[in-house]
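Structure record follows, encoded as structure tokens.
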Amino acid sequence: MLLIARKALALAHNKTIRLTTREVHCLSSILVSPPLVSLDLPENWVPYSHPPSPVAFEGEQKTVVIDGKAIAEDIRTKIVSEVWKMKNDVGKVPGLAVVLVGEQRDSQTYVRNKIKACEETGIKSVLAELPEDCTEGEIITVLKKFNEDTSIHGVLVQLPLPQHLDEAKILNMVSLEKDVDGFHPLNMGNLAMRGREPLFVSCTPKGCVELLIRAGVELAGKNAVVIGRSNIVGLPMSLLLQRYDATVSTVHAFSKDPEHITREADIVVAAAGVPNLVRGSWLKPGAVVIDVGTCPVEDSSCEQGYRLVGDVCYEEALGVASAITPVPGGVGPMTIAMLLCNTLDAAKRTSL
Ligand SMILES: NC(=O)C1=CN([C@@H]2O[C@H](COP(=O)(O)OP(=O)(O)OC[C@H]3O[C@@H](n4cnc5c(N)ncnc54)[C@H](OP(=O)(O)O)[C@@H]3O)[C@@H](O)[C@H]2O)C=CC1
Ligand SMILES: Nc1nc(=O)c2c([nH]1)NC[C@@H]1CN(c3ccc(C(=O)N[C@@H](CCC(=O)O)C(=O)O)cc3)C=[N+]21
């Protein structure tokens, strides 16, 4: 992948280079990450028989800050032009439907941000707001309507749902072809299985891999640790990194000695939701750190009275990690950009 990233840069500088068919596909699409099934092709089966060469570090490591906000912006600009092209060529625009249950403040903020992102990229959005005490039946009725609506190509249910609702039952009702969050068990199952390609990969893990590849990080044969195993981040993240041939360990709340496991990793993805859980001492010098955690902590010096903190002790990681994503401005904006990408892909599929 590093080779493709280099060739992309060469192309950007108008240099003449030779490309394989797979590279043509990668370079002509919005994302740099290749389609999953292509990773399973025999041309990629070059197992590592030798241990990766140790990287020597002298003194303090220079840490690159991976600018997720800027990368997401670049992706969004490309989406704008593809949406325009679709509108001109076939007279339609992608449509996203969001189902929001209850009045949880952070969920309202996330949904507002998603809708704003749609507006800014020319994607049509529809919001269905249901009261906190609504029934499963009411949500399912709304989902069925969106599933049948041909102007809607992506449907998502904002999580978490109120306690009395059966999340699994509700997520099962989202049409497989419109499951832009990638939370349907069939999409998740296909992500787990070699030789299969899910219609959608969950937005946060997909955004993390795109960040890693754009930062020039090789994944095959690397030790990756994912902290967290939730259905929405940790689990699909581990599955996706495996598809890219990383050796993946999962750390969760019952793991013994998480510090030791994490210190073995070349790539650390932290998604526990515990502010500053990962200390500088947990990191192998030169590790690449992707911080998914986003926790509001009280801070009276901030305008809103709080600030967002990641799972990684950022100040301590600087000087130890070779690269890190900040919070905010790292993974978060990529999650939204991937949602827009998945919605665009869904709309493209229906016009094939
Ligand atoms: N930036 C973005 O785009 C996104 C950010 N987030 C953020 O990511 C974080 C995680 O979200 P989500 O996956 O939904 O959270 P969940 O609470 O659903 O899952 C947390 C996971 O972390 C594990 N965990 C909790 N505490 C520890 C600990 N002390 N040590 C090791 N593992 C631990 C849990 O283990 P166990 O399974 O054993 O309980 C669980 O698997 C949150 O801060 C959330 O806000 C989430 C989605 C997108
Ligand atoms: N069905 C569903 N799909 C989700 O993808 C989903 C969800 N439910 N429930 C909640 C989590 C959380 N999540 C985030 C998205 C963007 C930012 C984000 O953009 N964060 C900005 C900061 C935003 C701010 O300032 O408030 C940043 O990190 O820079 C964060 C978190 C998606 N989630």
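In the structure tokens, the first chain shown is A, the next is B, and so on; residue numbers restart at 1 for each chain, and ligands run from 1 in the order shown.
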**Message:** Taking only C-alpha atoms and all ligand atoms into account, which residues have an atom no farther than 8 Å from ligand 1? I'd like them as a PyMOL selection string.
**Reply:** chain A and resi 203-204+227-234+251-255+258+270-275+277+291-295+310-311+327+330-336
Just-selected residues, C-alpha atoms written as a PDB file, in the first residue's frame:
```
ATOM      1  CA  CYS A 203     -17.392   4.393   9.246  1.00  0.00           C
ATOM      2  CA  THR A 204     -14.965   4.820  12.166  1.00  0.00           C
ATOM      3  CA  ILE A 227      -8.338  -1.324  22.798  1.00  0.00           C
ATOM      4  CA  GLY A 228     -12.094  -1.906  22.955  1.00  0.00           C
ATOM      5  CA  ARG A 229     -14.363  -4.500  21.308  1.00  0.00           C
ATOM      6  CA  SER A 230     -17.692  -2.718  20.861  1.00  0.00           C
ATOM      7  CA  ASN A 231     -19.895  -3.544  17.886  1.00  0.00           C
ATOM      8  CA  ILE A 232     -19.535  -0.020  16.535  1.00  0.00           C
ATOM      9  CA  VAL A 233     -15.770   0.532  16.785  1.00  0.00           C
ATOM     10  CA  GLY A 234     -13.497  -2.060  18.429  1.00  0.00           C
ATOM     11  CA  VAL A 251      -7.654  -5.419  24.751  1.00  0.00           C
ATOM     12  CA  HIS A 252     -10.886  -5.043  26.729  1.00  0.00           C
ATOM     13  CA  ALA A 253     -12.046  -4.366  30.263  1.00  0.00           C
ATOM     14  CA  PHE A 254     -11.147  -7.922  31.401  1.00  0.00           C
ATOM     15  CA  SER A 255      -7.696  -8.002  29.784  1.00  0.00           C
ATOM     16  CA  PRO A 258      -3.155  -4.155  28.983  1.00  0.00           C
ATOM     17  CA  ALA A 270      -7.593   3.163  21.310  1.00  0.00           C
ATOM     18  CA  ALA A 271     -11.401   2.966  21.513  1.00  0.00           C
ATOM     19  CA  ALA A 272     -12.290   2.409  25.160  1.00  0.00           C
ATOM     20  CA  GLY A 273     -13.897   5.729  26.027  1.00  0.00           C
ATOM     21  CA  VAL A 274     -11.627   6.134  29.084  1.00  0.00           C
ATOM     22  CA  PRO A 275      -9.832   9.505  29.092  1.00  0.00           C
ATOM     23  CA  LEU A 277      -6.119   5.423  29.629  1.00  0.00           C
ATOM     24  CA  ASP A 291      -7.043   7.715  19.185  1.00  0.00           C
ATOM     25  CA  VAL A 292     -10.757   7.072  18.657  1.00  0.00           C
ATOM     26  CA  GLY A 293     -11.821   7.976  22.192  1.00  0.00           C
ATOM     27  CA  THR A 294     -13.886  11.137  22.495  1.00  0.00           C
ATOM     28  CA  CYS A 295     -14.863  12.013  26.056  1.00  0.00           C
ATOM     29  CA  GLY A 310      -9.057  11.053  23.856  1.00  0.00           C
ATOM     30  CA  ASP A 311      -8.130   7.658  25.331  1.00  0.00           C
ATOM     31  CA  VAL A 327      -8.661  14.637  19.645  1.00  0.00           C
ATOM     32  CA  GLY A 330      -8.321  13.192  14.170  1.00  0.00           C
ATOM     33  CA  VAL A 331     -10.684  10.251  13.762  1.00  0.00           C
ATOM     34  CA  GLY A 332     -13.982  12.120  14.387  1.00  0.00           C
ATOM     35  CA  PRO A 333     -14.059  14.113  11.134  1.00  0.00           C
ATOM     36  CA  MET A 334     -13.079  10.938   9.235  1.00  0.00           C
ATOM     37  CA  THR A 335     -16.089   9.074  10.651  1.00  0.00           C
ATOM     38  CA  ILE A 336     -18.388  11.680   9.121  1.00  0.00           C
TER      39      ILE A 336
END
```
Step one, run DSSP on the backbone; step two, keep only residues of stretch 129-311 of chain A assigned to strand (DSSP E); then write them as a PDB file with C-alpha atoms, in the first residue's frame.
```
ATOM      1  CA  GLU A 129     -36.994  12.158  15.426  1.00  0.00           C
ATOM      2  CA  LEU A 130     -38.841   9.837  17.784  1.00  0.00           C
ATOM      3  CA  GLY A 154     -28.448   5.244   3.227  1.00  0.00           C
ATOM      4  CA  VAL A 155     -30.296   4.657   6.518  1.00  0.00           C
ATOM      5  CA  LEU A 156     -28.797   4.881   9.993  1.00  0.00           C
ATOM      6  CA  VAL A 157     -30.087   4.638  13.529  1.00  0.00           C
ATOM      7  CA  ASN A 223       1.390  -5.990  15.394  1.00  0.00           C
ATOM      8  CA  ALA A 224      -1.784  -4.005  15.985  1.00  0.00           C
ATOM      9  CA  VAL A 225      -3.599  -3.650  19.285  1.00  0.00           C
ATOM     10  CA  VAL A 226      -7.207  -2.499  19.378  1.00  0.00           C
ATOM     11  CA  ILE A 227      -8.338  -1.324  22.798  1.00  0.00           C
ATOM     12  CA  THR A 247      -1.560  -9.361  13.523  1.00  0.00           C
ATOM     13  CA  VAL A 248      -4.326  -8.103  15.770  1.00  0.00           C
ATOM     14  CA  SER A 249      -4.720  -8.308  19.547  1.00  0.00           C
ATOM     15  CA  THR A 250      -7.799  -7.058  21.341  1.00  0.00           C
ATOM     16  CA  VAL A 251      -7.654  -5.419  24.751  1.00  0.00           C
ATOM     17  CA  ILE A 267      -0.100   0.237  15.686  1.00  0.00           C
ATOM     18  CA  VAL A 268      -2.375   1.126  18.613  1.00  0.00           C
ATOM     19  CA  VAL A 269      -6.050   1.926  18.070  1.00  0.00           C
ATOM     20  CA  ALA A 270      -7.593   3.163  21.310  1.00  0.00           C
ATOM     21  CA  VAL A 288       1.571   4.699  15.387  1.00  0.00           C
ATOM     22  CA  VAL A 289      -1.348   5.766  17.574  1.00  0.00           C
ATOM     23  CA  ILE A 290      -4.942   6.192  16.416  1.00  0.00           C
ATOM     24  CA  ASP A 291      -7.043   7.715  19.185  1.00  0.00           C
ATOM     25  CA  CYS A 295     -14.863  12.013  26.056  1.00  0.00           C
ATOM     26  CA  PRO A 296     -16.179  15.364  27.225  1.00  0.00           C
ATOM     27  CA  VAL A 297     -14.444  16.490  30.431  1.00  0.00           C
ATOM     28  CA  GLU A 298     -15.420  19.562  32.433  1.00  0.00           C
ATOM     29  CA  TYR A 306     -16.099  21.164  28.580  1.00  0.00           C
ATOM     30  CA  ARG A 307     -13.404  19.915  26.238  1.00  0.00           C
ATOM     31  CA  LEU A 308     -12.987  16.639  24.359  1.00  0.00           C
ATOM     32  CA  VAL A 309     -10.315  14.225  25.545  1.00  0.00           C
TER      33      VAL A 309
END
```
If you count only C-alpha atoms, which residues fall within 12 Å of A:Ala321, apart from same-chain ones fewer than 5 positions away, as a PyMOL selection string?
chain A and resi 57+60-66+263+265-268+278-291+312-316
*With a distance cut-off of 10 Å and only C-alpha atoms, select the neighbouring residues of A:Ile140, excluding the residue or stretch itself and same-chain residues fewer than 2 positions from it, and output the selection as an NGL selection string.*
:A and (135-138 or 142-146 or 169-174)
Exercise for review: May I have the residues within 12 Å of stretch 118-121 of chain A as a count of residues only, using only C-alpha atoms and disregarding those fewer than 5 positions away in the same chain?
Suggested key: 33
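We find atom CA of A:Asn187 and atom CA of A:Leu161 to be spaced 20.3 Å apart.
Using only C-alpha atoms, the protein and nucleic acid residues lying no more than 10 Å from A:Gln163, apart from those fewer than 4 places from it along its own chain, are Glu132, Asp133 and Glu167 of chain A.
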- If you run DSSP on this backbone, which residues of stretch 19-237 of chain A come out as alpha helix (DSSP H), and could you give them as number ranges by chain? A: 21-28, 36-39, 68-90, 105-121, 136-148, 167-172, 185-192, 203-214, 234-237
Dump as a CSV table (one decimal), in the first residue's frame, selection limited to C-alpha atoms:
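Written output follows (out.csv):
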```
chain,number,residue,atom,x,y,z
A,21,THR,CA,-5.2,-2.9,-12.7
A,22,ARG,CA,-5.7,-2.8,-8.9
A,23,GLU,CA,-3.7,0.3,-8.5
A,24,VAL,CA,-5.8,2.0,-11.3
A,25,HIS,CA,-8.9,1.2,-9.3
A,26,CYS,CA,-7.4,2.5,-6.0
A,27,LEU,CA,-6.2,5.7,-7.5
A,28,SER,CA,-9.3,6.5,-9.4
A,36,LEU,CA,-11.2,-5.7,0.7
A,37,VAL,CA,-11.6,-8.6,-1.7
A,38,SER,CA,-8.7,-7.4,-3.7
A,39,LEU,CA,-6.5,-7.9,-0.6
A,68,GLY,CA,-7.8,13.9,10.2
A,69,LYS,CA,-9.6,17.2,9.8
A,70,ALA,CA,-7.6,18.1,6.7
A,71,ILE,CA,-7.8,14.6,5.2
A,72,ALA,CA,-11.6,14.5,5.8
A,73,GLU,CA,-11.9,17.9,4.1
A,74,ASP,CA,-10.0,16.6,1.1
A,75,ILE,CA,-12.3,13.6,0.9
A,76,ARG,CA,-15.4,15.8,1.3
A,77,THR,CA,-14.2,18.0,-1.6
A,78,LYS,CA,-14.0,14.9,-3.8
A,79,ILE,CA,-17.5,13.8,-2.7
A,80,VAL,CA,-18.9,17.3,-3.6
A,81,SER,CA,-17.7,16.9,-7.2
A,82,GLU,CA,-18.9,13.3,-7.5
A,83,VAL,CA,-22.4,14.3,-6.2
A,84,TRP,CA,-22.4,17.1,-8.8
A,85,LYS,CA,-21.5,14.7,-11.5
A,86,MET,CA,-24.2,12.3,-10.4
A,87,LYS,CA,-26.7,15.1,-10.5
A,88,ASN,CA,-25.7,16.1,-14.0
A,89,ASP,CA,-25.4,12.6,-15.4
A,90,VAL,CA,-28.4,10.8,-14.0
A,105,ARG,CA,-27.6,16.0,23.9
A,106,ASP,CA,-24.4,14.4,22.4
A,107,SER,CA,-26.5,12.3,20.1
A,108,GLN,CA,-28.4,15.4,18.9
A,109,THR,CA,-25.0,17.1,18.3
A,110,TYR,CA,-23.6,14.2,16.3
A,111,VAL,CA,-26.8,14.0,14.2
A,112,ARG,CA,-26.7,17.7,13.6
A,113,ASN,CA,-23.1,17.4,12.4
A,114,LYS,CA,-24.0,14.6,10.1
A,115,ILE,CA,-26.9,16.5,8.5
A,116,LYS,CA,-24.7,19.6,8.2
A,117,ALA,CA,-22.1,17.5,6.4
A,118,CYS,CA,-24.7,16.2,4.0
A,119,GLU,CA,-25.9,19.8,3.2
A,120,GLU,CA,-22.3,20.9,2.6
A,121,THR,CA,-21.7,18.1,0.1
A,136,GLU,CA,-39.9,-0.8,18.7
A,137,GLY,CA,-42.9,-1.0,16.4
A,138,GLU,CA,-42.8,2.8,15.8
A,139,ILE,CA,-39.1,2.7,14.9
A,140,ILE,CA,-39.6,-0.3,12.6
A,141,THR,CA,-42.4,1.5,10.8
A,142,VAL,CA,-40.1,4.5,10.1
A,143,LEU,CA,-37.3,2.2,9.0
A,144,LYS,CA,-39.6,0.3,6.6
A,145,LYS,CA,-40.6,3.6,5.0
A,146,PHE,CA,-37.0,4.6,4.5
A,147,ASN,CA,-36.1,1.1,3.2
A,148,GLU,CA,-38.7,1.5,0.5
A,167,GLU,CA,-30.9,-2.6,19.5
A,168,ALA,CA,-30.2,-5.9,17.6
A,169,LYS,CA,-33.8,-6.3,16.4
A,170,ILE,CA,-33.8,-2.6,15.2
A,171,LEU,CA,-30.5,-2.8,13.4
A,172,ASN,CA,-31.6,-6.0,11.7
A,185,PRO,CA,-24.9,-8.5,11.1
A,186,LEU,CA,-24.5,-9.6,7.5
A,187,ASN,CA,-22.3,-6.7,6.7
A,188,MET,CA,-20.3,-7.3,9.8
A,189,GLY,CA,-20.1,-11.1,9.1
A,190,ASN,CA,-18.9,-10.5,5.6
A,191,LEU,CA,-16.2,-8.2,7.0
A,192,ALA,CA,-15.1,-11.0,9.2
A,203,CYS,CA,-17.4,4.4,9.2
A,204,THR,CA,-15.0,4.8,12.2
A,205,PRO,CA,-12.7,1.8,11.4
A,206,LYS,CA,-12.8,2.6,7.7
A,207,GLY,CA,-11.7,6.2,8.5
A,208,CYS,CA,-8.9,4.9,10.8
A,209,VAL,CA,-7.5,2.6,8.0
A,210,GLU,CA,-7.7,5.4,5.5
A,211,LEU,CA,-5.7,7.7,7.9
A,212,LEU,CA,-3.1,4.9,8.4
A,213,ILE,CA,-2.7,4.3,4.7
A,214,ARG,CA,-2.5,8.0,3.9
A,234,GLY,CA,-13.5,-2.1,18.4
A,235,LEU,CA,-14.8,-5.2,16.8
A,236,PRO,CA,-15.0,-4.0,13.2
A,237,MET,CA,-11.7,-2.3,13.7
```
Residue with the minimum atom-to-atom distance to ligand 2, picked from A:Glu197, A:Asp40, A:Glu303, A:Asp257 with only C-alpha atoms and all ligand atoms counted, is A:Glu303
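Between atom CA of A:Leu100 and atom CA of A:Leu165 lies a distance of 12.9 Å.
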